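Novice: The following block contains the structure, expressed as structure tokens.
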Amino acid sequence: MYYINTLKEELSTTNTYDVSTLTENDIVLTHINSLCNLNVSINPTHQKIPTMYWIPKLHKQPYKQRFISNSVSCSTTKLSTLLTSCLTVVKENTIKYADKVFETSNKNIFWSIKNSNEVLKKLETLNNQASSISSYDFSTLYTSLPHNLIKSKLVNLIKKTFLSLKCDFIACNENKAFFTNGVFHNYTMWTSKMFCEALEFLIDNIFVRFGNNVYIQKTGIPMGTNCAPLIADLFLYCYERDFMLQLKSDTQSDIIDAFNNTCRYLDDIFNIDNDYFQHIYKDIYPPELLLCKANKTDEQSSFLDLDLTIENNTVITKIYDKRDDFNFDIVNFPHLDGDVPRRTSYGVYISQLLRFAKACTRVKDFNSRNLLLTTKLLKQGYRYHKLCKTFTKFFRKYNDLSSKYAQSLKTLIYEGISSPEFYGDVVYKLRKIKA
């Protein structure tokens, strides 16, 4: 009952949804006819509108909810996947444009990053030196984006991309897209006008069903539709680009330098030595988006899977995992008592070691994460001797990463080891690394 009441409250008490006067059949029929003009067909099994569900955000205090539209097999699924392919190519060309702008003006107009490795690269260029760090996140980003602004910003971006590439079409399918002047019959071909119409149609036709009622989403885009992250990402980029381009290099170089080290992953923002951000961000983004500071002090912050701390103006990084704060066990990584490929399962261990080695400045933090991981894997049926062999493979293949720990190992004291033989073998191999 609590689950159902939470959905009712979201649909009826927020300003995000309105009850639709149309039936589900009417909506689907309209979608079929309209999308036909965009060369998009609807699978017979997809002739329905999405249902809505929610999952708890257990890392929040108190617990909060994340509402998701089940759009995997609905009447706009094909359209959304095609838009995902097309917007991905638009983003790739946007990155190329941003690189050229940085070369000519030293302005970083593209803050969006793919993962935490890009944060580590930024820190490397600064020799891991910083006096302050900060992180911010948008509250309810997806459900706060105004439809008129989404359409205005992204339609303008799409048109500019077509003009810059001097292409007549974008050819797309559910896996890829490319700009072209030719016609390919095995692809969906969109002109600039059709691309914009497809995007606007999707935004104007966001429906969800709850029980016997149908609701239309009048603001924001639903989490669950394929292209939602790209729409949000490119939407925010448009505002960040406009802000950076209006800064004057001769009189505002200090502000430009500060924002050049700003990173954003979807709705999370990370700053390095940027004291201007807290005073300026309201002038960057539209007022409908609420941005909140996530870290309490300027010397410590978490961002993506990184925990960052400043000690004597040096940034120390290690792995951050919000699941560590949960007061219950998390089911992750394969259990070898099931019918899963052994080689792939042990490959998971190497991938995690690689992630730890990249993220951890200090060997004690690397070893701490390794201890937690190996303890868990041994309980899940992994064999001791195979873990040893897998670690040896990691040690030999990624020697350049783990060698940064060599000097620190001399002063470490190891305690509380649940698997001393294996752990001792790990330490022994690391000790052999040449500094």
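For the structure tokens, the naming scheme is as follows: chains receive sequential letters (A, B, ...) according to their order of presentation, residues are indexed from 1 within each chain, and ligands are indexed from 1 in presentation order.
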Which residues are close to stretch 62-69 of chain A, i.e. within 12 Å by only C-alpha atoms, leaving aside same-chain residues fewer than 3 positions away? Reply as an NGL selection string.

Specialist: :A and (3 or 6-11 or 16 or 49-59 or 72-74 or 76-77 or 139-143 or 206-210 or 215-217 or 221-226 or 228 or 326)

Novice: Can you spit out the residues from that selection as a tab-separated table (two decimals), in the first residue's frame, using N, CA and C atoms?

Specialist:
chain	number	residue	atom	x	y	z
A	3	TYR	N	3.76	1.60	-1.32
A	3	TYR	CA	4.30	1.74	-2.68
A	3	TYR	C	3.27	2.44	-3.58
A	6	THR	N	2.72	6.13	-2.64
A	6	THR	CA	3.83	6.99	-3.05
A	6	THR	C	3.69	7.39	-4.51
A	7	LEU	N	3.30	6.44	-5.37
A	7	LEU	CA	3.06	6.75	-6.78
A	7	LEU	C	1.91	7.72	-6.95
A	8	LYS	N	0.83	7.51	-6.19
A	8	LYS	CA	-0.32	8.41	-6.27
A	8	LYS	C	0.07	9.84	-5.89
A	9	GLU	N	0.86	9.95	-4.85
A	9	GLU	CA	1.28	11.28	-4.40
A	9	GLU	C	2.13	11.99	-5.44
A	10	GLU	N	3.05	11.25	-6.08
A	10	GLU	CA	3.91	11.84	-7.11
A	10	GLU	C	3.08	12.32	-8.30
A	11	LEU	N	2.11	11.53	-8.69
A	11	LEU	CA	1.32	11.86	-9.88
A	11	LEU	C	0.28	12.95	-9.63
A	16	THR	N	4.30	18.09	-12.04
A	16	THR	CA	4.94	17.42	-13.17
A	16	THR	C	3.92	16.79	-14.12
A	49	ILE	N	1.43	2.52	-23.80
A	49	ILE	CA	2.20	3.59	-23.17
A	49	ILE	C	2.85	3.04	-21.90
A	50	PRO	N	3.92	3.68	-21.46
A	50	PRO	CA	4.68	3.11	-20.33
A	50	PRO	C	3.93	3.21	-19.00
A	51	THR	N	4.24	2.26	-18.15
A	51	THR	CA	3.77	2.33	-16.76
A	51	THR	C	4.85	3.00	-15.92
A	52	MET	N	4.50	3.34	-14.71
A	52	MET	CA	5.42	4.08	-13.85
A	52	MET	C	5.71	3.26	-12.59
A	53	TYR	N	6.96	3.28	-12.16
A	53	TYR	CA	7.32	2.62	-10.91
A	53	TYR	C	8.39	3.44	-10.22
A	54	TRP	N	8.75	3.06	-9.02
A	54	TRP	CA	9.80	3.79	-8.31
A	54	TRP	C	10.68	2.83	-7.53
A	55	ILE	N	11.91	3.27	-7.29
A	55	ILE	CA	12.85	2.52	-6.47
A	55	ILE	C	13.36	3.44	-5.36
A	56	PRO	N	13.68	2.89	-4.19
A	56	PRO	CA	14.14	3.73	-3.08
A	56	PRO	C	15.59	4.17	-3.26
A	57	LYS	N	15.89	5.37	-2.85
A	57	LYS	CA	17.27	5.88	-2.82
A	57	LYS	C	17.77	5.72	-1.39
A	58	LEU	N	18.33	4.54	-1.12
A	58	LEU	CA	18.65	4.16	0.25
A	58	LEU	C	19.86	4.90	0.81
A	59	HIS	N	20.63	5.57	-0.06
A	59	HIS	CA	21.79	6.30	0.44
A	59	HIS	C	21.42	7.68	0.94
A	72	VAL	N	10.64	0.58	-21.98
A	72	VAL	CA	11.39	-0.39	-22.76
A	72	VAL	C	10.59	-0.94	-23.93
A	73	SER	N	9.26	-0.94	-23.83
A	73	SER	CA	8.44	-1.49	-24.91
A	73	SER	C	7.13	-0.73	-25.02
A	74	CYS	N	7.24	0.56	-25.38
A	74	CYS	CA	6.05	1.39	-25.53
A	74	CYS	C	6.05	2.03	-26.92
A	76	THR	N	6.69	4.89	-28.01
A	76	THR	CA	7.77	5.84	-28.36
A	76	THR	C	9.16	5.23	-28.20
A	77	THR	N	9.23	3.93	-27.94
A	77	THR	CA	10.53	3.28	-27.74
A	77	THR	C	11.42	3.40	-28.96
A	139	SER	N	18.74	18.97	-7.99
A	139	SER	CA	17.62	18.24	-7.40
A	139	SER	C	16.56	18.01	-8.47
A	140	THR	N	16.14	16.77	-8.62
A	140	THR	CA	15.10	16.38	-9.58
A	140	THR	C	15.32	17.02	-10.95
A	141	LEU	N	16.52	16.82	-11.48
A	141	LEU	CA	16.86	17.42	-12.78
A	141	LEU	C	15.89	16.98	-13.87
A	142	TYR	N	15.66	15.69	-14.00
A	142	TYR	CA	14.88	15.18	-15.12
A	142	TYR	C	13.44	15.70	-15.10
A	143	THR	N	12.87	15.84	-13.92
A	143	THR	CA	11.48	16.28	-13.84
A	143	THR	C	11.34	17.79	-13.74
A	206	ILE	N	4.87	12.64	-23.80
A	206	ILE	CA	5.34	11.82	-22.68
A	206	ILE	C	4.14	11.45	-21.81
A	207	PHE	N	3.69	10.23	-21.94
A	207	PHE	CA	2.55	9.74	-21.18
A	207	PHE	C	2.97	8.58	-20.29
A	208	VAL	N	2.30	8.43	-19.17
A	208	VAL	CA	2.47	7.26	-18.31
A	208	VAL	C	1.10	6.78	-17.87
A	209	ARG	N	1.03	5.49	-17.62
A	209	ARG	CA	-0.24	4.90	-17.15
A	209	ARG	C	-0.06	4.40	-15.73
A	210	PHE	N	-1.06	4.70	-14.90
A	210	PHE	CA	-1.08	4.19	-13.53
A	210	PHE	C	-2.48	3.68	-13.26
A	215	TYR	N	-1.64	9.73	-17.59
A	215	TYR	CA	-1.14	11.06	-17.23
A	215	TYR	C	-0.17	11.53	-18.32
A	216	ILE	N	-0.17	12.82	-18.55
A	216	ILE	CA	0.80	13.43	-19.46
A	216	ILE	C	1.80	14.22	-18.64
A	217	GLN	N	3.07	14.06	-18.96
A	217	GLN	CA	4.12	14.78	-18.23
A	217	GLN	C	4.30	16.14	-18.87
A	221	ILE	N	11.54	15.36	-18.39
A	221	ILE	CA	11.58	14.14	-19.20
A	221	ILE	C	11.71	12.96	-18.25
A	222	PRO	N	11.11	11.82	-18.59
A	222	PRO	CA	11.10	10.70	-17.65
A	222	PRO	C	12.42	9.95	-17.62
A	223	MET	N	12.85	9.57	-16.44
A	223	MET	CA	13.93	8.61	-16.34
A	223	MET	C	13.37	7.27	-16.80
A	224	GLY	N	14.07	6.64	-17.73
A	224	GLY	CA	13.61	5.37	-18.25
A	224	GLY	C	13.51	5.37	-19.75
A	225	THR	N	13.32	6.55	-20.36
A	225	THR	CA	13.33	6.59	-21.82
A	225	THR	C	14.77	6.69	-22.30
A	226	ASN	N	15.09	6.07	-23.41
A	226	ASN	CA	16.48	5.87	-23.83
A	226	ASN	C	17.29	7.15	-23.93
A	228	ALA	N	16.85	10.11	-22.58
A	228	ALA	CA	16.74	11.10	-21.49
A	228	ALA	C	18.09	11.62	-21.01
A	326	PHE	N	25.54	1.55	3.65
A	326	PHE	CA	24.29	0.84	3.89
A	326	PHE	C	24.47	-0.12	5.07

Novice: Based on the backbone DSSP call, show me all residues of stretch 234-397 of chain A assigned alpha helix (DSSP H), as a PyMOL selection string.

Specialist: chain A and resi 234-245+253-260+277-284+342-359+363-379+384-397

Novice: Identify which of the residues A:Asn181, A:Thr219, A:Gln380, A:Thr191 lies closest to A:Lys151, counting only C-alpha atoms when measuring atom-to-atom distances.

Specialist: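 Closest to A:Lys151, using only C-alpha atoms: A:Thr219.
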
Novice: My list of candidates is A:Thr21, A:Ser351, A:Asp275, A:His147. Which is closest to A:Phe201 when distances are computed with only C-alpha atoms?

Specialist: A:His147

Novice: Which neighbours of A:Asp257 fall inside 10 Å, counting only C-alpha atoms, when residues of the same chain fewer than 4 positions from it are skipped, and could you give them as a ChimeraX atom specification?

Specialist: /A:106-108,249,252-253,261-262,273-274

Novice: One number please: atom CA of A:Asn332 to atom CA of A:Phe270, in Å, one decimal.

Specialist: 27.6 Å

Novice: Quick one: everything within 6 Å of A:Lys176, counting only C-alpha atoms, minus sequence neighbours fewer than 3 positions away in the same chain. Send it as a ChimeraX atom specification.

Specialist: /A:85,172-173

Novice: Which residue is closest to A:Glu299? Choose from A:Tyr2, A:Ser135, A:Lys358, A:Asn93 and count only C-alpha atoms.

Specialist: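 Residue with the minimum atom-to-atom distance to A:Glu299: A:Ser135.
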
Novice: Could you name the residues that touch A:Ile32 at 12 Å or less, counting only C-alpha atoms, but leaving out those on the same chain fewer than 4 positions away, as a count of residues only?

Specialist: 22

Novice: Which value, in Å to one decimal, gives the distance between atom CA of A:Ser71 and atom CA of A:Thr45?

Specialist: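 Taking atom CA of A:Ser71 and atom CA of A:Thr45, their separation equals 12.6 Å.
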
Novice: Between A:Ala198, A:Leu234, A:Leu35, A:Ala294, which is the closest to A:Tyr136 once you count only C-alpha atoms?

Specialist: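 So, comparing all the options, the nearest one is A:Ala294.
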
Novice: I'd like the interatomic distance between atom CA of A:Tyr239 and atom CA of A:Leu165, to a tenth of an Å.

Specialist: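 Calculated distance between atom CA of A:Tyr239 and atom CA of A:Leu165 is 22.1 Å.
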
Novice: Nearest residue to A:Asp267 out of A:Thr374, A:Asn205, A:Ser112, A:Asn128, using only C-alpha atoms?

Specialist: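 For A:Asp267, the nearest of the candidates is A:Ser112.
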
Novice: With distances taken over only C-alpha atoms, which residue among A:Lys121, A:Lys193, A:Lys296, A:Lys166 lies nearest A:Thr180?

Specialist: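 Under the stated criterion, the closest residue is A:Lys166.
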
Novice: Applying 9 Å and only C-alpha atoms, which residues near A:Asn175 remain after dropping the ones on its own chain fewer than 6 positions away? List them as a list of chain:residue names.

Specialist: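 Once the adjacent positions are removed, what remains is A:Thr81, A:Leu82, A:Thr84, A:Ser85.
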
Novice: Write a file of the just-selected residues containing C-alpha atoms, as a short mmCIF file (atom, residue, chain, number, x, y, z; two decimals), in the first residue's frame.

Specialist:
data_model
loop_
_atom_site.label_atom_id
_atom_site.label_comp_id
_atom_site.auth_asym_id
_atom_site.auth_seq_id
_atom_site.Cartn_x
_atom_site.Cartn_y
_atom_site.Cartn_z
CA THR A 81 16.31 4.78 -29.52
CA LEU A 82 16.72 6.55 -32.88
CA THR A 84 19.67 8.33 -28.81
CA SER A 85 21.77 7.35 -31.84
#
